[in-house]
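Note sheet for the following structure.
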Amino acid sequence: MENILNEECVCCSGKHKDRNETEIKDLMNRLKRIEGQIRGIEGMLQSGAYCTDILTQVSAATSALNSFNKVLLENHIKSCVADNIRNGNDEVISELVGTLQKLMK
């Protein structure tokens, strides 16, 4: 069976980034907390929790995802973008601008 990392995802650029263990652990911990928040929201909905209580938890999950994005974006700029610029690949700036436009919708 082929490794899933080798399969090209239609939603991805096809590029690859090697992350150190600390970065992976931090990002995975954030995602696991967000996943737990989403499960909690599902439970609230199933148990008939009051709308504003659910909305408050959705807002907290949204904030957590935004925080995840900020950390990932910072790591991206400090590594991928900076390395590409140092290597003379200024196209990465246009890619970054496009990414920021998507994030700011």
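Chain lettering (A, B, ...) mirrors the order of the structure tokens, residue numbering begins at 1 for each chain separately, and ligand numbering begins at 1 in order of display.
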Distance query Val97 of chain A at most 12 Å, only C-alpha atoms, self and fewer than 5 positions along chain excluded, as a compact mmCIF listing (two decimals) with C-alpha atoms, in the first residue's frame:
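Saved as around03.txt:
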# COMPACT_ATOMS: atom_id res chain seq x y z
CA LEU A 73 2.02 31.28 9.51
CA ILE A 77 7.43 33.02 7.15
CA VAL A 81 9.47 32.18 2.94
CA ASP A 90 10.91 35.83 -4.91
CA GLU A 91 7.82 34.01 -6.24
CA VAL A 92 7.25 32.89 -2.67
CA LYS A 102 -7.33 33.63 1.77
CA LEU A 103 -6.82 33.86 5.54
CA MET A 104 -8.35 37.33 5.70
Q.
Residues within 12 Å of Leu31 of chain A, please, as a PyMOL selection string. Count only C-alpha atoms; anything in the same chain fewer than 5 positions from it doesn't count.
A. chain A and resi 24-26+36-38+61-62+64-69+71-72
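Between atom CA of Leu45 of chain A and atom CA of Arg30 of chain A the separation is 22.8 Å.
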Q: Tell me, in Å to one decimal, how far atom CA of Ile34 of chain A is from atom CA of Gln101 of chain A.
A: 23.6 Å
Q) What is the atom CA of Ile41 of chain A-atom CA of Val58 of chain A distance in Å, reported with one decimal? A) 7.0 Å
List the neighbours of Lys17 of chain A out to 12 Å using only C-alpha atoms; skip same-chain residues closer than 2 positions along the sequence, and give me the result as a compact mmCIF listing (two decimals) with C-alpha atoms, in the first residue's frame.
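Resulting contents of result.txt:
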# COMPACT_ATOMS: atom_id res chain seq x y z
CA LEU A 5 2.27 11.30 2.20
CA SER A 13 0.24 22.64 -3.45
CA GLY A 14 2.18 19.41 -3.76
CA LYS A 15 5.09 20.96 -1.87
CA ARG A 19 9.23 20.09 10.43
CA ASN A 20 11.24 19.49 13.55
CA GLU A 23 7.04 22.22 15.86
CA ILE A 24 5.07 19.07 15.05
CA LEU A 72 1.81 28.04 11.49
CA ASN A 75 6.75 29.30 11.23
CA HIS A 76 6.11 29.46 7.48
CA SER A 79 11.42 29.17 7.45
CA CYS A 80 9.87 28.57 4.03
CA VAL A 81 9.47 32.18 2.94
CA ASP A 83 14.70 30.41 2.87
Identify all residues of segment 23-103 of chain A in alpha helix (DSSP H) (DSSP on the backbone) and supply them as a PDB file with N, CA and C atoms, in the first residue's frame.
ATOM      1  N   GLU A  23       8.109  21.546  16.609  1.00  0.00           N
ATOM      2  CA  GLU A  23       7.042  22.216  15.862  1.00  0.00           C
ATOM      3  C   GLU A  23       5.858  21.280  15.649  1.00  0.00           C
ATOM      4  N   ILE A  24       6.145  20.050  15.257  1.00  0.00           N
ATOM      5  CA  ILE A  24       5.072  19.073  15.046  1.00  0.00           C
ATOM      6  C   ILE A  24       4.298  18.847  16.337  1.00  0.00           C
ATOM      7  N   LYS A  25       5.023  18.666  17.446  1.00  0.00           N
ATOM      8  CA  LYS A  25       4.363  18.398  18.730  1.00  0.00           C
ATOM      9  C   LYS A  25       3.473  19.568  19.128  1.00  0.00           C
ATOM     10  N   ASP A  26       3.960  20.794  18.979  1.00  0.00           N
ATOM     11  CA  ASP A  26       3.167  21.975  19.328  1.00  0.00           C
ATOM     12  C   ASP A  26       1.909  22.060  18.473  1.00  0.00           C
ATOM     13  N   LEU A  27       2.068  21.916  17.166  1.00  0.00           N
ATOM     14  CA  LEU A  27       0.919  22.016  16.270  1.00  0.00           C
ATOM     15  C   LEU A  27      -0.071  20.876  16.503  1.00  0.00           C
ATOM     16  N   MET A  28       0.429  19.667  16.711  1.00  0.00           N
ATOM     17  CA  MET A  28      -0.463  18.526  16.970  1.00  0.00           C
ATOM     18  C   MET A  28      -1.225  18.704  18.286  1.00  0.00           C
ATOM     19  N   ASN A  29      -0.552  19.205  19.324  1.00  0.00           N
ATOM     20  CA  ASN A  29      -1.242  19.455  20.590  1.00  0.00           C
ATOM     21  C   ASN A  29      -2.362  20.466  20.417  1.00  0.00           C
ATOM     22  N   ARG A  30      -2.093  21.513  19.649  1.00  0.00           N
ATOM     23  CA  ARG A  30      -3.128  22.515  19.377  1.00  0.00           C
ATOM     24  C   ARG A  30      -4.317  21.884  18.650  1.00  0.00           C
ATOM     25  N   LEU A  31      -4.023  21.067  17.630  1.00  0.00           N
ATOM     26  CA  LEU A  31      -5.103  20.425  16.882  1.00  0.00           C
ATOM     27  C   LEU A  31      -5.903  19.455  17.740  1.00  0.00           C
ATOM     28  N   LYS A  32      -5.246  18.730  18.623  1.00  0.00           N
ATOM     29  CA  LYS A  32      -5.948  17.799  19.505  1.00  0.00           C
ATOM     30  C   LYS A  32      -6.871  18.547  20.471  1.00  0.00           C
ATOM     31  N   ARG A  33      -6.426  19.723  20.962  1.00  0.00           N
ATOM     32  CA  ARG A  33      -7.298  20.527  21.819  1.00  0.00           C
ATOM     33  C   ARG A  33      -8.510  21.021  21.033  1.00  0.00           C
ATOM     34  N   ILE A  34      -8.272  21.451  19.796  1.00  0.00           N
ATOM     35  CA  ILE A  34      -9.371  21.920  18.950  1.00  0.00           C
ATOM     36  C   ILE A  34     -10.343  20.771  18.668  1.00  0.00           C
ATOM     37  N   GLU A  35      -9.786  19.609  18.377  1.00  0.00           N
ATOM     38  CA  GLU A  35     -10.627  18.429  18.136  1.00  0.00           C
ATOM     39  C   GLU A  35     -11.492  18.140  19.362  1.00  0.00           C
ATOM     40  N   GLY A  36     -10.904  18.264  20.543  1.00  0.00           N
ATOM     41  CA  GLY A  36     -11.663  18.070  21.786  1.00  0.00           C
ATOM     42  C   GLY A  36     -12.760  19.113  21.946  1.00  0.00           C
ATOM     43  N   GLN A  37     -12.454  20.340  21.581  1.00  0.00           N
ATOM     44  CA  GLN A  37     -13.471  21.391  21.650  1.00  0.00           C
ATOM     45  C   GLN A  37     -14.635  21.076  20.709  1.00  0.00           C
ATOM     46  N   ILE A  38     -14.330  20.607  19.502  1.00  0.00           N
ATOM     47  CA  ILE A  38     -15.377  20.274  18.536  1.00  0.00           C
ATOM     48  C   ILE A  38     -16.230  19.117  19.062  1.00  0.00           C
ATOM     49  N   ARG A  39     -15.591  18.117  19.639  1.00  0.00           N
ATOM     50  CA  ARG A  39     -16.355  17.002  20.234  1.00  0.00           C
ATOM     51  C   ARG A  39     -17.255  17.507  21.360  1.00  0.00           C
ATOM     52  N   GLY A  40     -16.728  18.453  22.146  1.00  0.00           N
ATOM     53  CA  GLY A  40     -17.542  19.031  23.213  1.00  0.00           C
ATOM     54  C   GLY A  40     -18.752  19.768  22.664  1.00  0.00           C
ATOM     55  N   ILE A  41     -18.571  20.476  21.569  1.00  0.00           N
ATOM     56  CA  ILE A  41     -19.680  21.186  20.933  1.00  0.00           C
ATOM     57  C   ILE A  41     -20.720  20.182  20.419  1.00  0.00           C
ATOM     58  N   GLU A  42     -20.239  19.090  19.817  1.00  0.00           N
ATOM     59  CA  GLU A  42     -21.160  18.040  19.366  1.00  0.00           C
ATOM     60  C   GLU A  42     -21.986  17.509  20.537  1.00  0.00           C
ATOM     61  N   GLY A  43     -21.318  17.265  21.660  1.00  0.00           N
ATOM     62  CA  GLY A  43     -22.009  16.770  22.848  1.00  0.00           C
ATOM     63  C   GLY A  43     -23.018  17.768  23.373  1.00  0.00           C
ATOM     64  N   MET A  44     -22.645  19.044  23.349  1.00  0.00           N
ATOM     65  CA  MET A  44     -23.577  20.085  23.795  1.00  0.00           C
ATOM     66  C   MET A  44     -24.826  20.097  22.924  1.00  0.00           C
ATOM     67  N   LEU A  45     -24.633  19.982  21.628  1.00  0.00           N
ATOM     68  CA  LEU A  45     -25.752  19.990  20.692  1.00  0.00           C
ATOM     69  C   LEU A  45     -26.660  18.788  20.938  1.00  0.00           C
ATOM     70  N   GLN A  46     -26.035  17.615  21.089  1.00  0.00           N
ATOM     71  CA  GLN A  46     -26.810  16.393  21.303  1.00  0.00           C
ATOM     72  C   GLN A  46     -27.562  16.407  22.626  1.00  0.00           C
ATOM     73  N   CYS A  51     -28.492  27.670  23.110  1.00  0.00           N
ATOM     74  CA  CYS A  51     -27.817  28.191  21.906  1.00  0.00           C
ATOM     75  C   CYS A  51     -26.608  29.067  22.230  1.00  0.00           C
ATOM     76  N   THR A  52     -26.759  30.007  23.152  1.00  0.00           N
ATOM     77  CA  THR A  52     -25.645  30.916  23.430  1.00  0.00           C
ATOM     78  C   THR A  52     -24.462  30.186  24.059  1.00  0.00           C
ATOM     79  N   ASP A  53     -24.737  29.131  24.803  1.00  0.00           N
ATOM     80  CA  ASP A  53     -23.643  28.338  25.377  1.00  0.00           C
ATOM     81  C   ASP A  53     -22.855  27.638  24.266  1.00  0.00           C
ATOM     82  N   ILE A  54     -23.577  27.102  23.275  1.00  0.00           N
ATOM     83  CA  ILE A  54     -22.908  26.457  22.142  1.00  0.00           C
ATOM     84  C   ILE A  54     -22.133  27.497  21.345  1.00  0.00           C
ATOM     85  N   LEU A  55     -22.757  28.644  21.082  1.00  0.00           N
ATOM     86  CA  LEU A  55     -22.088  29.701  20.324  1.00  0.00           C
ATOM     87  C   LEU A  55     -20.801  30.155  21.008  1.00  0.00           C
ATOM     88  N   THR A  56     -20.815  30.209  22.324  1.00  0.00           N
ATOM     89  CA  THR A  56     -19.616  30.590  23.072  1.00  0.00           C
ATOM     90  C   THR A  56     -18.506  29.580  22.846  1.00  0.00           C
ATOM     91  N   GLN A  57     -18.860  28.298  22.851  1.00  0.00           N
ATOM     92  CA  GLN A  57     -17.850  27.262  22.629  1.00  0.00           C
ATOM     93  C   GLN A  57     -17.362  27.255  21.181  1.00  0.00           C
ATOM     94  N   VAL A  58     -18.245  27.544  20.236  1.00  0.00           N
ATOM     95  CA  VAL A  58     -17.834  27.643  18.835  1.00  0.00           C
ATOM     96  C   VAL A  58     -16.850  28.803  18.672  1.00  0.00           C
ATOM     97  N   SER A  59     -17.122  29.902  19.353  1.00  0.00           N
ATOM     98  CA  SER A  59     -16.220  31.047  19.308  1.00  0.00           C
ATOM     99  C   SER A  59     -14.848  30.680  19.871  1.00  0.00           C
ATOM    100  N   ALA A  60     -14.824  29.918  20.946  1.00  0.00           N
ATOM    101  CA  ALA A  60     -13.552  29.479  21.531  1.00  0.00           C
ATOM    102  C   ALA A  60     -12.791  28.577  20.557  1.00  0.00           C
ATOM    103  N   ALA A  61     -13.504  27.682  19.862  1.00  0.00           N
ATOM    104  CA  ALA A  61     -12.855  26.802  18.882  1.00  0.00           C
ATOM    105  C   ALA A  61     -12.328  27.614  17.696  1.00  0.00           C
ATOM    106  N   THR A  62     -13.091  28.604  17.279  1.00  0.00           N
ATOM    107  CA  THR A  62     -12.649  29.476  16.190  1.00  0.00           C
ATOM    108  C   THR A  62     -11.387  30.227  16.594  1.00  0.00           C
ATOM    109  N   SER A  63     -11.342  30.728  17.809  1.00  0.00           N
ATOM    110  CA  SER A  63     -10.144  31.414  18.311  1.00  0.00           C
ATOM    111  C   SER A  63      -8.947  30.476  18.347  1.00  0.00           C
ATOM    112  N   ALA A  64      -9.186  29.240  18.749  1.00  0.00           N
ATOM    113  CA  ALA A  64      -8.106  28.254  18.797  1.00  0.00           C
ATOM    114  C   ALA A  64      -7.577  27.960  17.393  1.00  0.00           C
ATOM    115  N   LEU A  65      -8.469  27.851  16.408  1.00  0.00           N
ATOM    116  CA  LEU A  65      -8.027  27.650  15.027  1.00  0.00           C
ATOM    117  C   LEU A  65      -7.259  28.864  14.514  1.00  0.00           C
ATOM    118  N   ASN A  66      -7.721  30.053  14.853  1.00  0.00           N
ATOM    119  CA  ASN A  66      -7.000  31.268  14.460  1.00  0.00           C
ATOM    120  C   ASN A  66      -5.609  31.300  15.077  1.00  0.00           C
ATOM    121  N   SER A  67      -5.509  30.881  16.326  1.00  0.00           N
ATOM    122  CA  SER A  67      -4.212  30.826  16.998  1.00  0.00           C
ATOM    123  C   SER A  67      -3.298  29.805  16.314  1.00  0.00           C
ATOM    124  N   PHE A  68      -3.847  28.661  15.946  1.00  0.00           N
ATOM    125  CA  PHE A  68      -3.096  27.648  15.211  1.00  0.00           C
ATOM    126  C   PHE A  68      -2.559  28.256  13.908  1.00  0.00           C
ATOM    127  N   ASN A  69      -3.432  28.967  13.180  1.00  0.00           N
ATOM    128  CA  ASN A  69      -3.019  29.599  11.928  1.00  0.00           C
ATOM    129  C   ASN A  69      -1.888  30.601  12.147  1.00  0.00           C
ATOM    130  N   LYS A  70      -1.969  31.379  13.205  1.00  0.00           N
ATOM    131  CA  LYS A  70      -0.930  32.380  13.483  1.00  0.00           C
ATOM    132  C   LYS A  70       0.421  31.717  13.723  1.00  0.00           C
ATOM    133  N   VAL A  71       0.422  30.645  14.500  1.00  0.00           N
ATOM    134  CA  VAL A  71       1.673  29.936  14.784  1.00  0.00           C
ATOM    135  C   VAL A  71       2.228  29.315  13.508  1.00  0.00           C
ATOM    136  N   LEU A  72       1.364  28.670  12.732  1.00  0.00           N
ATOM    137  CA  LEU A  72       1.808  28.039  11.491  1.00  0.00           C
ATOM    138  C   LEU A  72       2.304  29.087  10.494  1.00  0.00           C
ATOM    139  N   LEU A  73       1.603  30.209  10.405  1.00  0.00           N
ATOM    140  CA  LEU A  73       2.024  31.282   9.506  1.00  0.00           C
ATOM    141  C   LEU A  73       3.372  31.856   9.927  1.00  0.00           C
ATOM    142  N   GLU A  74       3.563  32.068  11.206  1.00  0.00           N
ATOM    143  CA  GLU A  74       4.852  32.573  11.693  1.00  0.00           C
ATOM    144  C   GLU A  74       5.979  31.609  11.333  1.00  0.00           C
ATOM    145  N   ASN A  75       5.747  30.313  11.574  1.00  0.00           N
ATOM    146  CA  ASN A  75       6.748  29.305  11.232  1.00  0.00           C
ATOM    147  C   ASN A  75       7.024  29.305   9.729  1.00  0.00           C
ATOM    148  N   HIS A  76       5.977  29.455   8.941  1.00  0.00           N
ATOM    149  CA  HIS A  76       6.114  29.458   7.476  1.00  0.00           C
ATOM    150  C   HIS A  76       6.962  30.641   7.018  1.00  0.00           C
ATOM    151  N   ALA A  82      11.451  32.818   4.185  1.00  0.00           N
ATOM    152  CA  ALA A  82      12.797  33.381   4.336  1.00  0.00           C
ATOM    153  C   ALA A  82      13.826  32.574   3.542  1.00  0.00           C
ATOM    154  N   ASP A  83      13.754  31.249   3.612  1.00  0.00           N
ATOM    155  CA  ASP A  83      14.699  30.407   2.872  1.00  0.00           C
ATOM    156  C   ASP A  83      14.573  30.609   1.368  1.00  0.00           C
ATOM    157  N   ASN A  84      13.341  30.688   0.873  1.00  0.00           N
ATOM    158  CA  ASN A  84      13.128  30.900  -0.561  1.00  0.00           C
ATOM    159  C   ASN A  84      13.662  32.251  -1.012  1.00  0.00           C
ATOM    160  N   ILE A  85      13.440  33.286  -0.234  1.00  0.00           N
ATOM    161  CA  ILE A  85      13.952  34.614  -0.591  1.00  0.00           C
ATOM    162  C   ILE A  85      15.473  34.605  -0.592  1.00  0.00           C
ATOM    163  N   ARG A  86      16.079  33.996   0.429  1.00  0.00           N
ATOM    164  CA  ARG A  86      17.543  33.895   0.489  1.00  0.00           C
ATOM    165  C   ARG A  86      18.107  33.173  -0.729  1.00  0.00           C
ATOM    166  N   GLU A  91       9.199  34.431  -5.974  1.00  0.00           N
ATOM    167  CA  GLU A  91       7.823  34.011  -6.244  1.00  0.00           C
ATOM    168  C   GLU A  91       7.092  33.649  -4.962  1.00  0.00           C
ATOM    169  N   VAL A  92       7.845  33.279  -3.939  1.00  0.00           N
ATOM    170  CA  VAL A  92       7.246  32.893  -2.667  1.00  0.00           C
ATOM    171  C   VAL A  92       6.506  34.077  -2.035  1.00  0.00           C
ATOM    172  N   ILE A  93       6.885  35.290  -2.392  1.00  0.00           N
ATOM    173  CA  ILE A  93       6.196  36.476  -1.865  1.00  0.00           C
ATOM    174  C   ILE A  93       4.770  36.528  -2.401  1.00  0.00           C
ATOM    175  N   SER A  94       4.602  36.278  -3.691  1.00  0.00           N
ATOM    176  CA  SER A  94       3.255  36.246  -4.274  1.00  0.00           C
ATOM    177  C   SER A  94       2.426  35.133  -3.657  1.00  0.00           C
ATOM    178  N   GLU A  95       3.066  33.999  -3.421  1.00  0.00           N
ATOM    179  CA  GLU A  95       2.376  32.884  -2.778  1.00  0.00           C
ATOM    180  C   GLU A  95       1.914  33.291  -1.374  1.00  0.00           C
ATOM    181  N   LEU A  96       2.784  33.972  -0.639  1.00  0.00           N
ATOM    182  CA  LEU A  96       2.436  34.422   0.712  1.00  0.00           C
ATOM    183  C   LEU A  96       1.293  35.421   0.673  1.00  0.00           C
ATOM    184  N   VAL A  97       1.339  36.350  -0.251  1.00  0.00           N
ATOM    185  CA  VAL A  97       0.257  37.344  -0.378  1.00  0.00           C
ATOM    186  C   VAL A  97      -1.069  36.637  -0.659  1.00  0.00           C
ATOM    187  N   GLY A  98      -1.049  35.660  -1.555  1.00  0.00           N
ATOM    188  CA  GLY A  98      -2.254  34.888  -1.849  1.00  0.00           C
ATOM    189  C   GLY A  98      -2.777  34.149  -0.626  1.00  0.00           C
ATOM    190  N   THR A  99      -1.867  33.581   0.129  1.00  0.00           N
ATOM    191  CA  THR A  99      -2.254  32.868   1.354  1.00  0.00           C
ATOM    192  C   THR A  99      -2.875  33.832   2.355  1.00  0.00           C
ATOM    193  N   LEU A 100      -2.255  34.997   2.537  1.00  0.00           N
ATOM    194  CA  LEU A 100      -2.800  35.982   3.470  1.00  0.00           C
ATOM    195  C   LEU A 100      -4.180  36.453   3.038  1.00  0.00           C
ATOM    196  N   GLN A 101      -4.385  36.618   1.735  1.00  0.00           N
ATOM    197  CA  GLN A 101      -5.700  37.021   1.241  1.00  0.00           C
ATOM    198  C   GLN A 101      -6.750  35.973   1.555  1.00  0.00           C
ATOM    199  N   LYS A 102      -6.391  34.704   1.435  1.00  0.00           N
ATOM    200  CA  LYS A 102      -7.326  33.629   1.774  1.00  0.00           C
ATOM    201  C   LYS A 102      -7.641  33.615   3.260  1.00  0.00           C
ATOM    202  N   LEU A 103      -6.615  33.874   4.088  1.00  0.00           N
ATOM    203  CA  LEU A 103      -6.817  33.863   5.537  1.00  0.00           C
ATOM    204  C   LEU A 103      -7.661  35.034   6.021  1.00  0.00           C
TER     205      LEU A 103
END
